[in-house]
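Each remark here refers to the structure printed beneath this line.
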Amino acid sequence: MTETLDIKLTKTSQSRLEQTDFDNLPFGRTFSDHMLVADYIDGEWKNFEIVPYGPIAISPAISALHYGQAFFEGIKAYKHADGTVTIFRPDKNAIRFNKSAERLCMPTLPQEIFVQSIAAVVDIDREWIPTKENHALYIRPFMFATDPYLGVTPSATYKFVVLVGPVGPYFSKALRVKIETHYTRAAEGGMGFAKAAGNYGSSMLPARKAAEEGFDQLIWTDAKEHAFIEEMGAANAMFLLDGKLITAEAKDTILDGVTRDTVIALAKEWGITVEERKVSVAEIIEGAKNGKLTDAFGAGTAATIAPVGSISYNGEEYFLSDPETRAFSKRVFNTLDAIKYGTTPDTHGWNYVV
Ligand code: PLP
Ligand code: COI
């Protein structure tokens, strides 16, 4: 049985919609008029409310700030030409949300409550959904610990918040990426599979160092040997090698991406062999040298399908084919777009209609 969520609504008296420049939407800087907030108190979720977007009062002692008891999700909503509003596969994010919660000793949220919460914010701010190509309404659900207590122990109280905002593309050109051989994003037994805030905090120094060397993104490798490819920045790394789609298997150091899962499903339908396995740096570099690596891209909600232009490893840069000529990633990109924007039938049931 589906529980229906009771959400109190306080609408803003001053919409910022008219002042928003929809022709200039860098990722993650514009927020809509409203947000959803809810509290976990005395072992249950309560006080679901949609309120005007704005600051939240918190104690400076919360363990989210001191010990990183915080995680998030990233999802997108789209407006079709006929005005229909859909959210792409929010059920998958609901499942991952709860995996993150469990890993961080935080409370889970019933799947339908998660989906109804985000749909409610999207619904109230549906005028904020951009209709331009490659644009969407980005949905950022997150949870953080709110006990004002400095002991290293799980908080008893939490806040669940959903922000939404119109976004343009995260990347605007083919990426110059570097295979990281010193820093590590995630180790076995760690929390790489969770969308924990701390995973992103720890990625910033290596990412900044790489940016100073002129790279757009890092390819993360395994913590033990730096010999196997894991992910690409905040996206899953996917390759077409020798005609096969290969990507790291979704084990505990890998974020089990919704886009990754979607690309794999499409590739299988198109009769392409898919291998989810250890992907060695050596085979990728060899493929880049001998031309058998015909496609490489990052797959993610923010990143969408982000083509890799060149891969650098141990000081050598290997250039891949012109992304415009890559049949596979172009087909994936176009098919995904057509489903998300409703120009092709959604035969997989991936679109949640708001
Ligand atoms: N890997 C990492 C580390 C990410 O941050 C993301 C972004 O969400 C992904 C992979 C891709 O996941 P998804 O396709 O669900 O957005
Ligand atoms: C997403 O793709 O939704 C992400 O979470 C990436 C983000 C860290 C910008």
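Labels used: A, B, ... for chains in the order of the structure tokens, numbers from 1 for residues in each chain, and numbers from 1 for ligands as shown.
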Might you pull out every residue within 10 Å of Ala61 (chain A), with only C-alpha atoms counted and same-chain residues fewer than 2 positions away left off, and present them as an MDAnalysis selection string? chainID A and resid 58:59 63:66 146:151
Show me a table, sorted first by chain and then by increasing residue number, of the residues of chain A having an atom at most 6 Å from ligand 2, each with its shortest atom pair and the distance in Å to one decimal, counting only C-alpha atoms and all ligand atoms and written as CSV.
residue,atom,partner,partner_atom_place_in_ligand_line,distance
A:Gly74,CA,ligand 2,3 (O),3.3
A:Ile75,CA,ligand 2,3 (O),5.7
A:Ala234,CA,ligand 2,6 (C),5.0
A:Gly300,CA,ligand 2,2 (O),4.8
A:Thr301,CA,ligand 2,2 (O),3.7
A:Ala302,CA,ligand 2,2 (O),3.6
A:Ala303,CA,ligand 2,2 (O),5.8
Please save N, CA and C atoms of the selected residues as a compact mmCIF listing (two decimals), in the first residue's frame.
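Writing done, so here's result35.txt:
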# COMPACT_ATOMS: atom_id res chain seq x y z
N GLY A 74 21.27 13.07 -6.24
CA GLY A 74 21.16 13.98 -7.37
C GLY A 74 20.25 13.36 -8.41
N ILE A 75 19.22 14.10 -8.81
CA ILE A 75 18.19 13.57 -9.72
C ILE A 75 17.80 14.72 -10.64
N ALA A 234 32.81 12.86 -10.51
CA ALA A 234 31.50 12.53 -9.93
C ALA A 234 30.62 11.87 -10.99
N GLY A 300 26.63 10.22 -15.58
CA GLY A 300 26.09 10.67 -14.30
C GLY A 300 24.91 11.61 -14.50
N THR A 301 24.20 11.88 -13.44
CA THR A 301 23.03 12.75 -13.54
C THR A 301 23.44 14.16 -13.93
N ALA A 302 24.39 14.73 -13.20
CA ALA A 302 24.86 16.07 -13.54
C ALA A 302 25.67 16.02 -14.83
N ALA A 303 26.55 15.04 -14.93
CA ALA A 303 27.46 14.94 -16.08
C ALA A 303 26.75 14.54 -17.36
Which residues come within 10 Å of Ala38 (chain A), counting only C-alpha atoms, excluding same-chain residues fewer than 3 positions away, as JSON, numbers by chain? {"A": [7, 41, 45, 46, 47, 48, 49, 50, 117, 143, 158, 159, 160, 161, 162]}
Restricting it to N, CA and C atoms, dump the selection as a compact mmCIF listing (two decimals), in the first residue's frame.
# COMPACT_ATOMS: atom_id res chain seq x y z
N ILE A 7 1.99 16.98 3.59
CA ILE A 7 3.03 18.02 3.55
C ILE A 7 2.39 19.38 3.76
N ILE A 41 12.77 12.79 14.51
CA ILE A 41 12.79 13.03 15.96
C ILE A 41 12.10 11.85 16.63
N TRP A 45 10.04 10.02 11.20
CA TRP A 45 10.05 11.20 10.32
C TRP A 45 8.77 11.99 10.52
N LYS A 46 8.91 13.29 10.70
CA LYS A 46 7.73 14.13 10.89
C LYS A 46 7.97 15.54 10.35
N ASN A 47 7.00 16.38 10.48
CA ASN A 47 7.07 17.81 10.09
C ASN A 47 7.47 18.00 8.62
N PHE A 48 6.90 17.23 7.72
CA PHE A 48 7.19 17.45 6.30
C PHE A 48 6.55 18.78 5.89
N GLU A 49 7.39 19.66 5.39
CA GLU A 49 6.92 21.00 5.07
C GLU A 49 7.59 21.52 3.82
N ILE A 50 6.82 22.20 2.98
CA ILE A 50 7.44 22.94 1.87
C ILE A 50 7.39 24.40 2.28
N SER A 117 8.16 13.21 -1.68
CA SER A 117 8.76 14.47 -1.21
C SER A 117 9.37 15.24 -2.36
N MET A 143 20.42 14.58 3.58
CA MET A 143 20.09 14.38 5.00
C MET A 143 21.31 14.70 5.84
N TYR A 158 17.72 14.18 12.87
CA TYR A 158 18.23 14.46 11.51
C TYR A 158 17.27 15.37 10.78
N LYS A 159 17.78 16.00 9.76
CA LYS A 159 16.93 16.76 8.84
C LYS A 159 17.07 16.18 7.44
N PHE A 160 15.93 16.10 6.78
CA PHE A 160 15.88 15.72 5.37
C PHE A 160 15.42 16.96 4.62
N VAL A 161 16.17 17.32 3.60
CA VAL A 161 15.87 18.55 2.86
C VAL A 161 15.90 18.23 1.36
N VAL A 162 15.02 18.87 0.62
CA VAL A 162 15.07 18.73 -0.85
C VAL A 162 15.12 20.13 -1.47
Which residues sit within 7 Å of ligand 1, counting only C-alpha atoms and all ligand atoms, listed as a PyMOL selection string? chain A and resi 73-75+93+195+231+233-236+254-260+299-302
Take the residues that were just selected and, keeping C-alpha atoms, output them as a short mmCIF file (atom, residue, chain, number, x, y, z; two decimals), in the first residue's frame.
data_model
loop_
_atom_site.label_atom_id
_atom_site.label_comp_id
_atom_site.auth_asym_id
_atom_site.auth_seq_id
_atom_site.Cartn_x
_atom_site.Cartn_y
_atom_site.Cartn_z
CA GLU A 73 21.31 12.44 -3.92
CA GLY A 74 21.16 13.98 -7.37
CA ILE A 75 18.19 13.57 -9.72
CA ASN A 93 17.79 7.14 -6.05
CA LYS A 195 26.82 9.33 -1.63
CA GLU A 231 35.15 6.14 -11.47
CA GLY A 233 35.15 12.50 -10.98
CA ALA A 234 31.50 12.53 -9.93
CA ALA A 235 30.44 10.11 -12.66
CA ASN A 236 30.91 6.45 -13.57
CA ILE A 254 31.84 2.36 -6.63
CA LEU A 255 28.76 4.55 -6.63
CA ASP A 256 26.07 2.47 -8.31
CA GLY A 257 25.04 5.15 -10.79
CA VAL A 258 21.53 5.43 -12.17
CA THR A 259 22.92 6.69 -15.47
CA ARG A 260 25.39 3.79 -15.54
CA ALA A 299 27.98 8.80 -16.97
CA GLY A 300 26.09 10.67 -14.30
CA THR A 301 23.03 12.75 -13.54
CA ALA A 302 24.86 16.07 -13.54
#
Determine the nearest neighbour of Phe114 (chain A) from the options A:Ser155, A:Ser172, A:Thr4, A:Gln14, counting only C-alpha atoms.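 Between A:Ser155, A:Ser172, A:Thr4, A:Gln14, the residue approaching Phe114 (chain A) most closely is A:Thr4.
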In Å, rounded to a single decimal, give me how far CA of Tyr341 (chain A) is from CA of Phe88 (chain A).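 Interatomic distance here is 10.0 Å.
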Please determine, counting only C-alpha atoms, which residue among A:Leu104, A:Ile311, A:Val121, A:Ile264 has the shortest atom-to-atom distance to Leu175 (chain A). A:Ile311
Which residues come within 10 Å of His182 (chain A), counting only C-alpha atoms, excluding same-chain residues fewer than 4 positions away, as a list in words? Pro206, Trp220, Thr221, Ala223, Glu225 and His226 of chain A
Would you output that residue set with N, CA and C atoms, as a compact mmCIF listing (two decimals), in the first residue's frame?
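selection_28.txt, written as the output of this step:
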# COMPACT_ATOMS: atom_id res chain seq x y z
N PRO A 206 42.83 16.47 -4.58
CA PRO A 206 43.34 15.88 -5.83
C PRO A 206 42.74 16.51 -7.08
N TRP A 220 39.54 7.92 -11.05
CA TRP A 220 39.96 7.29 -9.80
C TRP A 220 40.34 5.84 -10.04
N THR A 221 41.36 5.40 -9.34
CA THR A 221 41.77 4.00 -9.46
C THR A 221 41.67 3.32 -8.09
N ALA A 223 42.41 1.55 -4.53
CA ALA A 223 43.25 2.07 -3.44
C ALA A 223 44.53 1.26 -3.25
N GLU A 225 46.47 -0.77 -5.60
CA GLU A 225 47.54 -0.78 -6.61
C GLU A 225 47.47 0.38 -7.60
N HIS A 226 46.37 1.11 -7.59
CA HIS A 226 46.13 2.14 -8.62
C HIS A 226 46.26 1.53 -10.02
When DSSP is applied to the backbone of this structure, which of region 19-247 of chain A are assigned strand (DSSP E or B)? Write them out as an MDAnalysis selection string. chainID A and resid 34:41 44:52 62 70:72 75:79 85:88 136:145 148 158:167 175:179 196 217:221 228:232 235:241 244:247
For those residues, write C-alpha atoms to a file as a tab-separated table (two decimals), in the first residue's frame.
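Saved the output as result26.tsv:
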chain	number	residue	atom	x	y	z
A	34	HIS	CA	10.71	26.48	-2.41
A	35	MET	CA	12.35	23.60	-0.59
A	36	LEU	CA	11.10	20.67	1.45
A	37	VAL	CA	12.23	20.07	5.01
A	38	ALA	CA	11.42	17.23	7.40
A	39	ASP	CA	12.69	16.16	10.81
A	40	TYR	CA	13.64	12.82	12.27
A	41	ILE	CA	12.79	13.03	15.96
A	44	GLU	CA	10.25	8.84	13.27
A	45	TRP	CA	10.05	11.20	10.32
A	46	LYS	CA	7.73	14.13	10.89
A	47	ASN	CA	7.07	17.81	10.09
A	48	PHE	CA	7.19	17.45	6.30
A	49	GLU	CA	6.92	21.00	5.07
A	50	ILE	CA	7.44	22.94	1.87
A	51	VAL	CA	8.70	26.40	2.73
A	52	PRO	CA	10.32	29.29	0.84
A	62	ILE	CA	25.89	19.18	14.89
A	70	ALA	CA	25.64	13.78	5.89
A	71	PHE	CA	24.87	12.49	2.41
A	72	PHE	CA	22.91	13.50	-0.66
A	75	ILE	CA	18.19	13.57	-9.72
A	76	LYS	CA	16.73	15.51	-12.64
A	77	ALA	CA	13.21	16.52	-13.68
A	78	TYR	CA	12.27	17.44	-17.24
A	79	LYS	CA	9.43	19.27	-18.97
A	85	VAL	CA	6.73	16.96	-16.05
A	86	THR	CA	8.72	13.83	-15.32
A	87	ILE	CA	11.47	12.80	-12.92
A	88	PHE	CA	14.02	10.28	-14.18
A	136	ALA	CA	16.74	20.29	-16.52
A	137	LEU	CA	15.57	20.89	-12.99
A	138	TYR	CA	18.22	19.43	-10.73
A	139	ILE	CA	16.89	17.88	-7.54
A	140	ARG	CA	19.17	17.69	-4.52
A	141	PRO	CA	17.71	15.63	-1.63
A	142	PHE	CA	20.02	15.36	1.36
A	143	MET	CA	20.09	14.38	5.00
A	144	PHE	CA	22.23	15.55	7.88
A	145	ALA	CA	22.62	14.92	11.59
A	148	PRO	CA	24.07	19.44	19.17
A	158	TYR	CA	18.23	14.46	11.51
A	159	LYS	CA	16.93	16.76	8.84
A	160	PHE	CA	15.88	15.72	5.37
A	161	VAL	CA	15.87	18.55	2.86
A	162	VAL	CA	15.07	18.73	-0.85
A	163	LEU	CA	16.34	21.64	-2.93
A	164	VAL	CA	15.65	22.06	-6.63
A	165	GLY	CA	17.06	24.43	-9.21
A	166	PRO	CA	17.29	24.85	-12.98
A	167	VAL	CA	20.61	23.74	-14.46
A	175	LEU	CA	37.13	16.18	-21.05
A	176	ARG	CA	40.84	16.06	-20.61
A	177	VAL	CA	41.17	13.47	-17.85
A	178	LYS	CA	44.05	12.16	-15.81
A	179	ILE	CA	44.36	8.71	-14.26
A	196	ALA	CA	28.46	10.52	1.56
A	217	GLN	CA	38.53	15.47	-14.24
A	218	LEU	CA	40.31	12.62	-12.52
A	219	ILE	CA	39.88	8.95	-13.19
A	220	TRP	CA	39.96	7.29	-9.80
A	221	THR	CA	41.77	4.00	-9.46
A	228	PHE	CA	42.19	-0.61	-11.95
A	229	ILE	CA	39.84	2.14	-13.05
A	230	GLU	CA	36.98	2.90	-10.69
A	231	GLU	CA	35.15	6.14	-11.47
A	232	MET	CA	35.58	9.46	-13.22
A	235	ALA	CA	30.44	10.11	-12.66
A	236	ASN	CA	30.91	6.45	-13.57
A	237	ALA	CA	33.62	5.74	-16.12
A	238	MET	CA	32.45	3.76	-19.16
A	239	PHE	CA	34.46	2.57	-22.16
A	240	LEU	CA	33.82	0.96	-25.50
A	241	LEU	CA	36.80	-1.31	-25.93
A	244	LYS	CA	32.30	-4.13	-25.83
A	245	LEU	CA	30.94	-1.77	-23.19
A	246	ILE	CA	33.11	-2.11	-20.11
A	247	THR	CA	32.80	-0.47	-16.73
Members of region 70-268 of chain A assigned helix (DSSP H, G or I) by DSSP, as a ChimeraX atom specification: /A:90-103,111-124,126-128,197-201,204-212,258-268
Of the listed residues A:Ala174, A:Asp42, A:Leu17, A:Tyr183, that which approaches Ala210 (chain A) most closely, counting only C-alpha atoms: A:Tyr183
Nearest-residue call for Phe193 (chain A), choices A:Trp350, A:Phe22, A:Phe97, A:Phe319, using only C-alpha atoms: A:Phe97
